[in-house]
Structure formats: structure tokens, C-alpha cells
Amino acid sequence: MAAKIAYDEVEVGTELPAQSFPVTRATLVRYAGASGDFNPIHWNEKFAVGVGLPDVIAHGMFTMAEAIRVVTDWAGDPAAVVEYGVRFTKPVVVPNDDQGALIEVSAKVGAKLDDGRIRVDLTAVAAGQKVLGMSRAVVQLV
């Protein structure tokens with residue numbers, strides 16, 4: 001299925017609306033239940049620190065999923081995303097407080113491809129550090 005945006009109306013450099021996604025320890029527990037990933041680095045501070053992490057960290061797949069929401073919200077149809085890939089560069093550290101962490105995501109059209117497709121380049125930052133590298137999605141437009 002194609003996005004609800006016309007290929008001819010999109011230019012390279014077009015910025016998608018940026019979004020911020022809060023992450024708390026409760027968010028991680030809910031994600032662990034939904035995904036089946038109960039690795040203690042995502043919920044047990046003592047264990048996470050014991051293996052060399054600064055604190056509990058968000059699941060990589062959770063971070064990746066939050067980032068692509070910028071694209072799916074803009075496209076109007078999640079099925080319009082035909083490819084998506086990232087490199088995990090830094091973990092999202094989630095402190096045990098009322099605020100947790102904030103994943104800030106921006107995106108822009110990086111290239112117009114063949115057959116009504118575009119490449120969207122994403123930037124995801126938490127605590128001032130880039131947490132996803134080479135984050136790119138290919139979207140099928142109408």
C-alpha cells in the first residue's frame with residue numbers, strides 16, 4: 001500500500017514533523033511483556049551496571065520502533081514503509097525517576113528513488129547523543 005502523499009509533491013530535503021517520545025521504566029516493562037524480551041539490562045539496574053552499562057537501557061527494537069513513527073505518521077499508512085534499517089550507536093539510558101528518558105526524532109527526505117519511492121533519513125537523539133546511525137526508511141508514495 002502507498003502513502004497518502006504524492007511523489008510529485010515531495011522534494012529532497014523536505015523535513016518531516018519532528019517528534020519526541022518519552023521512555024520510563026514502566027514503558028520498558030510493558031514493552032518487555034509485549035515483545036517477550038525480559039533481558040535484565042532493560043529493567044534491573046544492579047544487573048545493568050554489573051555488566052558495564054551506565055543504568056537500565058531501552059530495548060534497541062523499542063528505540064527503532066519509536067523512531068519510525070515519525071515516518072509512518074507523516075506517510076499516513078505504516079504499510080507504505082517498504083524498507084527500514086538502523087545501526088545502534090548508543091543505548092537509550094532510562095533513569096529510575098518520574099521523567100525517564102526522551103527520544104527525539106527528526107527526519108527528512110534524503111532521495112527520490114524510482115517507482116514513486118523516497119528514502120527518508122532519520123536522526124534519533126537521547127540525552128544529547130545520537131542513538132541510531134544510518135537510520136533510513138524507503139517509503140512508497142502515490
# chains A, B, ... in the order shown; residues from 1 in each chain; ligands from 1

call {"tool": "residues_around", "arguments": {"residues": "region 106-116 of chain A", "least_positions_apart": "6", "cutoff": "10 Å", "atoms": "only C-alpha atoms", "output": "VMD selection string"}}
result
chain A and resid 2 to 3 6 to 8 10 to 20 67 to 68 70 to 71 122 to 125 135 to 142

call {"tool": "select_by_dssp", "arguments": {"residues": "chain A", "states": "strand (DSSP E)", "output": "ChimeraX atom specification"}}
result
/A:15-23,81-88,101-112,117-126,129-140

call {"tool": "residues_around", "arguments": {"residues": "Met64 (chain A)", "least_positions_apart": "5", "cutoff": "9 Å", "atoms": "only C-alpha atoms", "output": "PyMOL selection string"}}
result
chain A and resi 59+85-86+88+124+132+135

call {"tool": "write_last_selection", "arguments": {"atoms": "N, CA and C atoms", "output": "mmCIF file, in the first residue's frame"}}
result
data_model
loop_
_atom_site.group_PDB
_atom_site.id
_atom_site.type_symbol
_atom_site.label_atom_id
_atom_site.label_comp_id
_atom_site.auth_asym_id
_atom_site.auth_seq_id
_atom_site.Cartn_x
_atom_site.Cartn_y
_atom_site.Cartn_z
ATOM 1 N N HIS A 59 15.210 -1.142 25.135
ATOM 2 C CA HIS A 59 15.397 -2.161 24.109
ATOM 3 C C HIS A 59 15.736 -1.467 22.785
ATOM 4 N N GLY A 85 16.001 0.320 8.138
ATOM 5 C CA GLY A 85 17.169 -0.221 8.812
ATOM 6 C C GLY A 85 17.891 0.842 9.606
ATOM 7 N N VAL A 86 18.575 0.403 10.657
ATOM 8 C CA VAL A 86 19.348 1.306 11.512
ATOM 9 C C VAL A 86 20.603 0.586 11.981
ATOM 10 N N PHE A 88 22.619 0.578 15.706
ATOM 11 C CA PHE A 88 22.507 1.045 17.090
ATOM 12 C C PHE A 88 23.856 1.618 17.509
ATOM 13 N N ALA A 124 17.902 10.108 15.487
ATOM 14 C CA ALA A 124 17.314 9.858 16.809
ATOM 15 C C ALA A 124 18.365 10.186 17.867
ATOM 16 N N LEU A 132 20.827 6.218 17.096
ATOM 17 C CA LEU A 132 20.690 5.389 15.904
ATOM 18 C C LEU A 132 21.534 5.995 14.800
ATOM 19 N N SER A 135 20.127 5.456 9.974
ATOM 20 C CA SER A 135 18.685 5.182 10.094
ATOM 21 C C SER A 135 17.985 5.689 8.847
#

call {"tool": "closest_residue", "arguments": {"among": "A:Gln99, A:Thr27, A:Thr63, A:Thr72", "to": "Trp43 (chain A)", "atoms": "only C-alpha atoms"}}
result
A:Thr27

call {"tool": "atom_distance", "arguments": {"atom1": "CA of Asp121 (chain A)", "atom2": "CA of Gly133 (chain A)"}}
result
9.8 Å

call {"tool": "atom_distance", "arguments": {"atom1": "CA of Glu45 (chain A)", "atom2": "CA of Pro22 (chain A)"}}
result
18.8 Å

call {"tool": "select_by_dssp", "arguments": {"residues": "region 20-142 of chain A", "states": "helix (DSSP H, G or I)", "output": "ChimeraX atom specification"}}
result
/A:25-35,40-42,45-50,60-75,78-80

call {"tool": "closest_residue", "arguments": {"among": "A:Gly52, A:Lys4, A:Glu9, A:Ile57", "to": "Leu28 (chain A)", "atoms": "only C-alpha atoms"}}
result
A:Ile57

call {"tool": "closest_residue", "arguments": {"among": "A:Ala32, A:Ile5, A:Val94, A:Val23", "to": "Ile118 (chain A)", "atoms": "only C-alpha atoms"}}
result
A:Ile5

call {"tool": "decode", "arguments": {"residues": "region 123-136 of chain A", "atoms": "C-alpha atoms", "output": "mmCIF file, in the first residue's frame"}}
result
data_model
loop_
_atom_site.group_PDB
_atom_site.id
_atom_site.type_symbol
_atom_site.label_atom_id
_atom_site.label_comp_id
_atom_site.auth_asym_id
_atom_site.auth_seq_id
_atom_site.Cartn_x
_atom_site.Cartn_y
_atom_site.Cartn_z
ATOM 1 C CA THR A 123 18.078 11.166 13.312
ATOM 2 C CA ALA A 124 17.314 9.858 16.809
ATOM 3 C CA VAL A 125 18.878 11.535 19.847
ATOM 4 C CA ALA A 126 18.611 10.830 23.582
ATOM 5 C CA ALA A 127 20.429 12.811 26.274
ATOM 6 C CA GLY A 128 22.221 14.797 23.570
ATOM 7 C CA GLN A 129 23.706 11.690 21.905
ATOM 8 C CA LYS A 130 22.805 10.113 18.592
ATOM 9 C CA VAL A 131 21.357 6.684 19.425
ATOM 10 C CA LEU A 132 20.690 5.389 15.904
ATOM 11 C CA GLY A 133 23.079 5.606 12.981
ATOM 12 C CA MET A 134 22.399 5.027 9.291
ATOM 13 C CA SER A 135 18.685 5.182 10.094
ATOM 14 C CA ARG A 136 16.884 5.087 6.772
#
